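*Asks:* Next comes the structure file protein.cif, holding mmCIF, C-alpha atoms.
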```
data_entry
#
loop_
_atom_site.label_atom_id
_atom_site.label_comp_id
_atom_site.auth_asym_id
_atom_site.auth_seq_id
_atom_site.Cartn_x
_atom_site.Cartn_y
_atom_site.Cartn_z
CA MET A 1 0.00 0.00 0.00
CA ILE A 2 1.31 3.45 -0.95
CA PHE A 3 0.29 4.81 2.44
CA HIS A 4 2.39 2.25 4.35
CA ARG A 5 5.42 2.49 2.05
CA SER A 6 5.58 6.28 2.16
CA LEU A 7 5.16 6.35 5.92
CA LEU A 8 7.88 3.74 6.48
CA ARG A 9 10.27 5.60 4.20
CA GLU A 10 9.72 8.87 6.05
CA LEU A 11 10.05 7.15 9.45
CA ILE A 12 13.40 5.62 8.48
CA ILE A 13 14.77 8.94 7.25
CA ALA A 14 13.64 10.73 10.41
CA ALA A 15 15.09 7.97 12.60
CA LEU A 16 18.51 8.12 10.92
CA ALA A 17 18.70 11.89 11.27
CA THR A 18 17.57 11.80 14.91
CA PHE A 19 19.93 8.97 15.84
CA PHE A 20 23.04 10.63 14.42
CA VAL A 21 22.21 13.91 16.16
CA LEU A 22 21.74 12.17 19.52
CA LEU A 23 24.84 10.04 18.95
CA GLY A 24 26.90 13.14 18.22
CA ILE A 25 25.74 14.77 21.46
CA VAL A 26 26.56 11.69 23.56
CA LEU A 27 29.92 11.19 21.81
CA THR A 28 30.90 14.79 22.54
CA MET A 29 29.90 14.60 26.20
CA GLN A 30 31.68 11.30 26.81
CA LEU A 31 34.79 12.39 24.90
CA VAL A 32 35.09 15.55 26.98
CA ARG A 33 34.74 13.53 30.19
CA LEU A 34 37.35 10.96 29.10
CA LEU A 35 39.77 13.64 27.94
CA GLY A 36 39.52 15.24 31.37
CA GLN A 37 40.32 11.90 33.02
CA ALA A 38 43.26 11.40 30.66
CA ALA A 39 44.59 14.88 31.43
CA SER A 40 44.52 14.10 35.15
CA GLY A 41 46.32 10.81 34.59
CA ALA A 42 43.41 8.60 35.69
CA ILE A 43 43.40 6.84 32.31
CA THR A 44 45.87 6.60 29.47
CA SER A 45 45.38 8.43 26.20
CA PHE A 46 45.46 5.10 24.36
CA ALA A 47 42.41 3.90 26.31
CA ILE A 48 40.17 6.84 25.36
CA ALA A 49 38.90 5.33 22.11
CA THR A 50 38.24 1.94 23.73
CA LEU A 51 36.40 3.38 26.72
CA LEU A 52 34.45 5.67 24.40
CA GLY A 53 33.30 2.67 22.37
CA PHE A 54 32.21 0.75 25.48
CA SER A 55 30.37 3.83 26.75
CA ILE A 56 28.47 4.26 23.49
CA VAL A 57 27.38 0.60 23.53
CA ASN A 58 26.08 1.12 27.06
CA TYR A 59 24.09 4.22 26.03
CA LEU A 60 22.72 2.76 22.78
CA PRO A 61 19.50 1.26 24.27
CA VAL A 62 18.40 4.64 25.62
CA LEU A 63 19.49 6.42 22.42
CA LEU A 64 17.55 4.03 20.20
CA SER A 65 14.47 4.24 22.41
CA LEU A 66 14.52 8.03 22.25
CA THR A 67 15.19 7.88 18.51
CA LEU A 68 12.15 5.67 17.98
CA PHE A 69 9.89 7.98 19.97
CA ILE A 70 11.10 11.20 18.33
CA SER A 71 11.05 9.84 14.77
CA VAL A 72 7.43 8.64 15.02
CA LEU A 73 6.35 11.82 16.78
CA MET A 74 8.00 14.21 14.31
CA THR A 75 6.86 12.27 11.23
CA LEU A 76 3.20 12.22 12.22
CA THR A 77 3.36 15.79 13.50
CA ARG A 78 4.51 16.89 10.04
CA SER A 79 1.56 15.03 8.51
CA TYR A 80 -0.85 16.93 10.76
CA ARG A 81 0.89 20.23 10.11
CA ASP A 82 0.74 19.79 6.31
CA SER A 83 -2.93 18.66 6.49
CA GLU A 84 -2.10 15.20 5.14
CA MET A 85 -3.93 13.62 8.06
CA VAL A 86 -7.15 15.40 7.10
CA VAL A 87 -6.93 13.83 3.65
CA TRP A 88 -6.38 10.34 5.04
CA PHE A 89 -9.20 10.69 7.58
CA SER A 90 -11.62 12.03 4.98
CA SER A 91 -10.72 9.04 2.78
CA GLY A 92 -11.93 6.68 5.49
CA VAL A 93 -8.51 5.82 6.99
CA SER A 94 -8.84 5.50 10.75
CA LEU A 95 -6.13 6.51 13.20
CA MET A 96 -5.75 2.80 14.00
CA GLU A 97 -4.42 2.27 10.48
CA TRP A 98 -1.23 4.01 11.57
CA VAL A 99 -0.51 1.40 14.22
CA ARG A 100 0.56 -1.31 11.79
CA PRO A 101 3.27 0.63 9.89
CA VAL A 102 4.57 2.07 13.17
CA LEU A 103 4.83 -1.44 14.63
CA VAL A 104 6.57 -2.69 11.48
CA PHE A 105 9.06 0.16 11.82
CA ALA A 106 9.48 -0.22 15.58
CA ALA A 107 9.82 -4.01 15.80
CA PRO A 108 13.45 -4.24 14.54
CA LEU A 109 14.53 -1.36 16.76
CA VAL A 110 12.82 -2.85 19.81
CA PHE A 111 14.59 -6.16 19.11
CA VAL A 112 17.97 -4.38 18.90
CA ILE A 113 17.21 -2.45 22.09
CA GLY A 114 16.39 -5.69 23.88
CA LEU A 115 19.57 -7.36 22.61
CA LEU A 116 21.68 -4.41 23.70
CA SER A 117 19.99 -4.05 27.07
CA LEU A 118 20.04 -7.74 28.00
CA ALA A 119 23.38 -8.82 26.54
CA LEU A 120 25.68 -6.26 24.94
CA SER A 121 25.46 -3.42 27.47
CA PRO A 122 26.47 -5.63 30.46
CA TRP A 123 29.36 -6.98 28.36
CA ALA A 124 30.50 -3.43 27.53
CA VAL A 125 30.34 -2.37 31.18
CA THR A 126 32.33 -5.47 32.20
CA LYS A 127 35.08 -4.77 29.66
CA SER A 128 35.19 -1.11 30.66
CA GLU A 129 35.59 -2.00 34.35
CA GLU A 130 38.35 -4.52 33.51
CA LEU A 131 40.24 -1.94 31.50
CA ARG A 132 39.98 0.61 34.28
CA ARG A 133 41.25 -1.95 36.82
CA GLN A 134 44.25 -2.61 34.58
CA MET A 135 45.01 1.10 34.44
CA ASP A 136 44.63 1.38 38.21
CA SER A 137 47.29 -1.31 38.63
CA ARG A 138 49.90 0.58 36.62
CA ASP A 139 53.14 1.52 38.32
CA ASP A 140 53.86 5.15 39.19
CA VAL A 141 55.98 5.93 36.14
CA SER A 142 53.55 4.37 33.68
CA ALA A 143 50.77 6.49 35.14
CA VAL A 144 52.63 9.76 34.55
CA SER A 145 51.05 12.05 31.97
CA PRO A 146 52.90 14.90 30.21
CA GLY A 147 52.42 18.28 31.86
CA VAL A 148 50.72 16.87 34.98
CA PHE A 149 52.14 16.49 38.49
CA ARG A 150 51.56 12.92 39.64
CA GLU A 151 51.99 11.58 43.17
CA SER A 152 53.17 8.03 43.80
CA ARG A 153 50.89 5.53 45.47
CA GLN A 154 52.92 5.66 48.68
CA ALA A 155 52.87 9.49 48.59
CA GLU A 156 56.66 9.54 48.80
CA ARG A 157 57.39 10.92 45.34
CA VAL A 158 55.95 13.49 42.98
CA TYR A 159 56.67 13.18 39.27
CA PHE A 160 56.46 15.74 36.50
CA VAL A 161 57.31 15.09 32.87
CA GLU A 162 57.13 17.81 30.27
CA GLU A 163 57.19 15.56 27.22
CA VAL A 164 56.81 11.87 26.41
CA SER A 165 58.01 10.36 23.16
CA GLY A 166 55.77 8.25 20.98
CA THR A 167 57.41 5.07 22.23
CA ARG A 168 56.24 5.82 25.81
CA ASN A 169 59.76 4.91 26.99
CA LEU A 170 61.68 8.18 26.63
CA VAL A 171 60.76 11.30 28.61
CA ALA A 172 62.17 14.84 28.53
CA ASN A 173 62.59 17.51 31.21
CA VAL A 174 61.89 15.30 34.21
CA PHE A 175 61.15 16.60 37.73
CA VAL A 176 61.04 14.24 40.73
CA SER A 177 60.46 15.32 44.32
CA SER A 178 61.01 12.71 47.02
CA THR A 179 61.49 12.43 50.79
CA GLN A 180 64.15 10.08 52.09
CA ASN A 181 65.48 9.87 55.67
CA GLU A 182 63.50 13.01 56.59
CA LYS A 183 65.32 14.93 53.87
CA GLN A 184 63.61 16.58 50.97
CA GLY A 185 65.19 15.85 47.61
CA VAL A 186 64.43 17.33 44.23
CA MET A 187 65.87 15.96 41.01
CA VAL A 188 65.72 17.52 37.58
CA ALA A 189 67.04 15.92 34.43
CA ALA A 190 67.08 16.73 30.75
CA ARG A 191 65.85 13.29 29.77
CA GLY A 192 65.11 9.85 31.12
CA PHE A 193 63.97 6.39 30.18
CA GLN A 194 62.81 3.13 31.70
CA GLU A 195 65.22 0.21 31.96
CA THR A 196 64.69 -3.41 33.00
CA ALA A 197 67.46 -5.25 34.84
CA PRO A 198 68.29 -8.93 34.13
CA ASN A 199 66.51 -9.95 37.36
CA GLY A 200 63.31 -8.26 36.22
CA ASP A 201 63.58 -5.11 38.33
CA ARG A 202 62.56 -1.93 36.54
CA PHE A 203 64.29 1.43 36.95
CA LEU A 204 63.68 5.01 35.93
CA VAL A 205 67.05 6.21 34.63
CA LEU A 206 67.65 9.98 34.61
CA MET A 207 70.43 11.43 32.48
CA ASN A 208 72.37 14.70 32.82
CA GLY A 209 70.65 16.13 35.86
CA ARG A 210 70.95 17.54 39.34
CA ARG A 211 69.71 16.58 42.77
CA TYR A 212 68.98 19.15 45.48
CA GLU A 213 68.82 17.64 48.97
CA GLY A 214 68.27 19.25 52.36
CA GLU A 215 65.98 19.79 55.30
CA PRO A 216 62.94 22.00 54.77
CA GLY A 217 63.13 25.27 56.70
CA THR A 218 66.92 25.36 56.81
CA ALA A 219 69.64 26.59 54.46
CA GLN A 220 71.55 23.30 54.63
CA TYR A 221 71.13 22.04 51.12
CA LYS A 222 73.46 20.00 48.97
CA ILE A 223 73.60 19.98 45.19
CA TYR A 224 74.69 16.87 43.31
CA GLN A 225 75.30 16.61 39.60
CA PHE A 226 74.99 13.27 37.86
CA ASP A 227 75.31 11.84 34.41
CA ARG A 228 73.13 8.84 35.21
CA TYR A 229 70.79 8.23 38.15
CA ALA A 230 68.61 5.13 38.45
CA MET A 231 65.55 4.91 40.68
CA ARG A 232 63.90 1.56 41.25
CA ILE A 233 60.26 1.42 40.23
CA GLU A 234 58.27 -0.44 42.84
CA SER A 235 56.05 -3.08 41.29
CA VAL A 236 52.37 -2.79 42.01
CA GLU A 237 50.79 -5.82 43.56
CA SER A 238 47.60 -6.92 41.93
CA SER A 239 44.74 -5.82 44.10
CA ALA A 240 41.96 -8.23 44.91
CA PRO A 241 39.28 -8.08 42.24
CA ARG A 242 36.38 -5.92 43.25
CA ALA A 243 32.89 -7.30 43.20
CA PRO A 244 31.24 -6.52 39.87
CA THR A 245 28.51 -3.90 39.81
CA THR A 246 25.00 -4.96 38.94
CA LYS A 247 25.33 -3.20 35.57
CA SER A 248 28.14 -5.56 34.58
CA VAL A 249 26.44 -8.78 35.72
CA SER A 250 25.04 -10.83 32.86
CA THR A 251 21.30 -11.24 32.62
CA PRO A 252 21.32 -15.02 33.33
CA ASP A 253 23.37 -14.38 36.49
CA LEU A 254 20.86 -11.75 37.59
CA MET A 255 18.07 -14.32 37.34
CA ARG A 256 20.11 -17.00 39.08
CA GLN A 257 20.84 -14.67 42.02
CA PRO A 258 17.55 -12.83 42.70
CA THR A 259 18.85 -10.30 45.22
CA PRO A 260 16.98 -6.98 45.43
CA SER A 261 19.73 -5.10 43.58
CA ASN A 262 19.88 -7.76 40.85
CA LEU A 263 16.10 -7.76 40.45
CA ALA A 264 16.15 -3.96 40.19
CA GLU A 265 18.73 -4.12 37.41
CA LEU A 266 16.73 -6.85 35.69
CA SER A 267 13.59 -4.69 35.77
CA TRP A 268 15.51 -1.86 34.10
CA ARG A 269 16.87 -4.08 31.35
CA ILE A 270 13.48 -5.60 30.57
CA GLY A 271 11.78 -2.24 30.87
CA LEU A 272 13.88 -0.56 28.17
CA PRO A 273 12.55 -2.50 25.15
CA ALA A 274 9.04 -2.56 26.63
CA SER A 275 9.03 1.19 27.15
CA ALA A 276 10.43 1.76 23.64
CA LEU A 277 7.49 -0.09 22.09
CA ILE A 278 4.92 1.71 24.25
CA LEU A 279 6.49 5.10 23.51
CA ALA A 280 6.36 4.43 19.77
CA LEU A 281 2.61 3.78 20.05
CA LEU A 282 2.12 6.78 22.35
CA ALA A 283 3.67 9.00 19.70
CA ILE A 284 0.70 8.31 17.37
CA PRO A 285 -2.00 10.13 19.42
CA LEU A 286 0.54 12.61 20.85
CA SER A 287 1.49 13.80 17.37
CA PHE A 288 -1.80 15.65 16.85
CA VAL A 289 -1.32 19.27 15.82
CA ASN A 290 -3.99 21.79 14.92
CA PRO A 291 -2.52 23.72 11.95
CA ARG A 292 -4.56 26.79 12.94
CA ALA A 293 -3.35 26.79 16.53
CA GLY A 294 0.01 26.56 18.25
CA ARG A 295 2.34 23.82 17.06
CA SER A 296 4.35 23.26 20.21
CA MET A 297 1.79 22.03 22.74
CA ASN A 298 1.91 18.43 21.53
CA LEU A 299 5.72 18.45 21.72
CA VAL A 300 5.63 19.80 25.27
CA LEU A 301 3.08 17.16 26.29
CA ALA A 302 5.14 14.41 24.62
CA LEU A 303 8.28 15.60 26.40
CA LEU A 304 6.51 15.61 29.76
CA ILE A 305 5.16 12.10 29.21
CA TYR A 306 8.58 10.79 28.18
CA MET A 307 10.30 12.36 31.19
CA THR A 308 7.58 11.04 33.52
CA TYR A 309 7.85 7.55 32.05
CA SER A 310 11.66 7.54 32.33
CA ASN A 311 11.59 8.84 35.90
CA LEU A 312 8.96 6.28 36.91
CA LEU A 313 11.20 3.49 35.59
CA SER A 314 14.11 4.85 37.65
CA ILE A 315 11.94 5.21 40.76
CA THR A 316 10.63 1.68 40.30
CA GLN A 317 14.16 0.34 39.95
CA ALA A 318 15.18 2.06 43.19
CA SER A 319 12.08 0.75 44.99
CA ILE A 320 12.82 -2.82 43.91
CA ALA A 321 16.43 -2.45 45.05
CA GLN A 322 15.14 -1.32 48.46
CA SER A 323 12.68 -4.26 48.61
CA ARG A 324 9.70 -1.91 48.63
CA LEU A 325 8.27 -3.44 45.47
CA SER A 326 8.39 -6.91 43.99
CA LEU A 327 9.76 -7.46 40.51
CA ALA A 328 6.31 -8.25 39.07
CA ALA A 329 4.65 -5.21 40.64
CA GLY A 330 7.47 -2.87 39.63
CA LEU A 331 7.89 -4.31 36.15
CA PHE A 332 4.24 -4.34 35.12
CA GLY A 333 2.88 -1.47 37.20
CA VAL A 334 4.50 1.39 35.31
CA HIS A 335 3.99 -0.17 31.88
CA ALA A 336 0.36 -1.00 32.66
CA ALA A 337 -0.25 2.62 33.66
CA MET A 338 1.25 3.82 30.38
CA LEU A 339 -0.86 1.32 28.44
CA VAL A 340 -3.96 2.74 30.12
CA LEU A 341 -2.83 6.24 29.13
CA LEU A 342 -2.24 4.97 25.59
CA ALA A 343 -5.79 3.57 25.41
CA LEU A 344 -7.27 6.84 26.70
CA LEU A 345 -5.37 8.95 24.18
CA PHE A 346 -6.34 6.65 21.32
CA SER A 347 -10.00 6.63 22.31
CA ARG A 348 -10.03 10.42 22.47
CA ARG A 349 -8.42 10.80 19.04
CA LEU A 350 -10.62 8.11 17.49
CA ILE A 351 -13.74 9.98 18.63
CA VAL A 352 -12.45 13.32 17.34
CA PHE A 353 -11.23 11.97 13.99
CA SER A 354 -13.98 9.48 13.23
CA PRO A 355 -14.53 9.23 9.44
CA LEU A 356 -18.25 9.91 10.00
CA ARG A 357 -17.40 13.44 11.15
CA PHE A 358 -15.74 14.13 7.79
CA ILE A 359 -18.56 12.52 5.78
CA ARG A 360 -21.05 14.81 7.42
#
```
Could you render the structure from this file as structure tokens?

*Replies:*
Amino acid sequence: MIFHRSLLRELIIAALATFFVLLGIVLTMQLVRLLGQAASGAITSFAIATLLGFSIVNYLPVLLSLTLFISVLMTLTRSYRDSEMVVWFSSGVSLMEWVRPVLVFAAPLVFVIGLLSLALSPWAVTKSEELRRQMDSRDDVSAVSPGVFRESRQAERVYFVEEVSGTRNLVANVFVSSTQNEKQGVMVAARGFQETAPNGDRFLVLMNGRRYEGEPGTAQYKIYQFDRYAMRIESVESSAPRAPTTKSVSTPDLMRQPTPSNLAELSWRIGLPASALILALLAIPLSFVNPRAGRSMNLVLALLIYMTYSNLLSITQASIAQSRLSLAAGLFGVHAAMLVLLALLFSRRLIVFSPLRFIR
């Protein structure tokens, strides 16, 4: 049918445009956050792209759900605004005829949202947490970032490196402040590099530098010049693995261990694809626009309903985690309320846009 094909084509175009806009916003926000962490030395610059990819996979279910809602809403709103809906209604096409093409368009996206929410997002969170644990276990020298003062784990040394070569082994203009035997020592060197001894010990070797040593508050300072100075890099013992967060636990494990926190996370994962489908159907009656009146009221109402729905899901998740609600009550309560709202909105629009009103 021409009606279905044209609507599906317009929905796909609107969804692609909406998705790339939302993806660009999320990419920018996450990239700025990760760059700030890299500048402070919390993560390495080489891990930014990997962590950014894992973060996007984690956000994709929400992005696709919002994309589905906005694309259906904007497409049907344009049809009302350009008086196309009046033509279809006067031709005997009921508002219910729009449900089928919207479901055909929404079904693949809802399936992808469910796959991401139940399987891929927990995997991405797990990999992200593993990568961050690996970076937390780096030794002091490996954690140094150019242009940033970095304190050692034992708080006995402070490192500063002005420049790091592409090999990550050579450094230039090195500053090291350390306290040994109640004496403050400061070393500066033109360059340095890491070296591994035959027994496996690692050293930071400074070349062509000076060491200033003395007691703070006194004028008794000594200056040493050296051509080569080696400092042993203390190896970092692997810390005991932390318990995984509920976001990183796989969905089968959540069901095998029905603790309140696991059930709350399970309700969120199941609720994402369910809410995406309901929101796509809600967009049909919410898209009504009177061309002779204001064009923004339906968008404001749709935004309020989306925010309310999203907040109710979050509140329900918190209530399940606190054992105030059971999984069944929390999972079906919010969605049942939105289905009731969906039926009320459809019944109102079906009465207003009954074909008999146009025949008369």

*Asks:* Sorted by chain and rising residue number, list the residues of segment 47-84 of chain A at most 12 Å from segment 104-122 of chain A (counting only C-alpha atoms), each with its closest atom pair and distance in Å to one decimal, as JSON lines.

*Replies:*
```
{"residue": "A:Gly53", "atom": "CA", "partner": "A:Ser121", "partner_atom": "CA", "distance": 11.2}
{"residue": "A:Phe54", "atom": "CA", "partner": "A:Ser121", "partner_atom": "CA", "distance": 8.2}
{"residue": "A:Ser55", "atom": "CA", "partner": "A:Ser121", "partner_atom": "CA", "distance": 8.8}
{"residue": "A:Ile56", "atom": "CA", "partner": "A:Ser121", "partner_atom": "CA", "distance": 9.2}
{"residue": "A:Val57", "atom": "CA", "partner": "A:Ser121", "partner_atom": "CA", "distance": 5.9}
{"residue": "A:Asn58", "atom": "CA", "partner": "A:Ser121", "partner_atom": "CA", "distance": 4.6}
{"residue": "A:Tyr59", "atom": "CA", "partner": "A:Ser121", "partner_atom": "CA", "distance": 7.9}
{"residue": "A:Leu60", "atom": "CA", "partner": "A:Leu116", "partner_atom": "CA", "distance": 7.3}
{"residue": "A:Pro61", "atom": "CA", "partner": "A:Ile113", "partner_atom": "CA", "distance": 4.9}
{"residue": "A:Val62", "atom": "CA", "partner": "A:Ile113", "partner_atom": "CA", "distance": 8.0}
{"residue": "A:Leu63", "atom": "CA", "partner": "A:Ile113", "partner_atom": "CA", "distance": 9.2}
{"residue": "A:Leu64", "atom": "CA", "partner": "A:Ile113", "partner_atom": "CA", "distance": 6.8}
{"residue": "A:Ser65", "atom": "CA", "partner": "A:Ile113", "partner_atom": "CA", "distance": 7.2}
{"residue": "A:Leu66", "atom": "CA", "partner": "A:Ile113", "partner_atom": "CA", "distance": 10.8}
{"residue": "A:Thr67", "atom": "CA", "partner": "A:Leu109", "partner_atom": "CA", "distance": 9.4}
{"residue": "A:Leu68", "atom": "CA", "partner": "A:Ala106", "partner_atom": "CA", "distance": 6.9}
{"residue": "A:Phe69", "atom": "CA", "partner": "A:Ala106", "partner_atom": "CA", "distance": 9.3}
{"residue": "A:Ile70", "atom": "CA", "partner": "A:Ala106", "partner_atom": "CA", "distance": 11.9}
{"residue": "A:Ser71", "atom": "CA", "partner": "A:Ala106", "partner_atom": "CA", "distance": 10.2}
{"residue": "A:Val72", "atom": "CA", "partner": "A:Ala106", "partner_atom": "CA", "distance": 9.1}
```

*Asks:* Any idea what's packed within 8 Å of Arg210 of chain A, counting all atoms listed in the file, ignoring anything in its chain fewer than 5 positions away? Could you give it as number ranges by chain?

*Replies:* A: 187-189, 223-226

*Asks:* Mind pulling up the distance from atom CA of Gln257 of chain A to atom CA of Ala337 of chain A?

*Replies:*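 Spanning atom CA of Ala337 of chain A to atom CA of Gln257 of chain A is a straight-line distance of 28.5 Å.
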
*Asks:* Which residues are close to Val186 of chain A, i.e. within 7 Å by only C-alpha atoms, leaving aside same-chain residues fewer than 5 positions away? Reply as a VMD selection string.

*Replies:* chain A and resid 176 to 178 211 to 213

*Asks:* Grab the residues selected above and save them as a compact mmCIF listing (two decimals), keeping the file's coordinate frame with C-alpha atoms.

*Replies:*
```
# COMPACT_ATOMS: atom_id res chain seq x y z
CA VAL A 176 61.04 14.24 40.73
CA SER A 177 60.46 15.32 44.32
CA SER A 178 61.01 12.71 47.02
CA ARG A 211 69.71 16.58 42.77
CA TYR A 212 68.98 19.15 45.48
CA GLU A 213 68.82 17.64 48.97
```

*Asks:* Hey, can you check how far atom CA of Ala15 of chain A sits from atom CA of Ser275 of chain A?

*Replies:*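 Pair atom CA of Ala15 of chain A / atom CA of Ser275 of chain A returns 17.2 Å.
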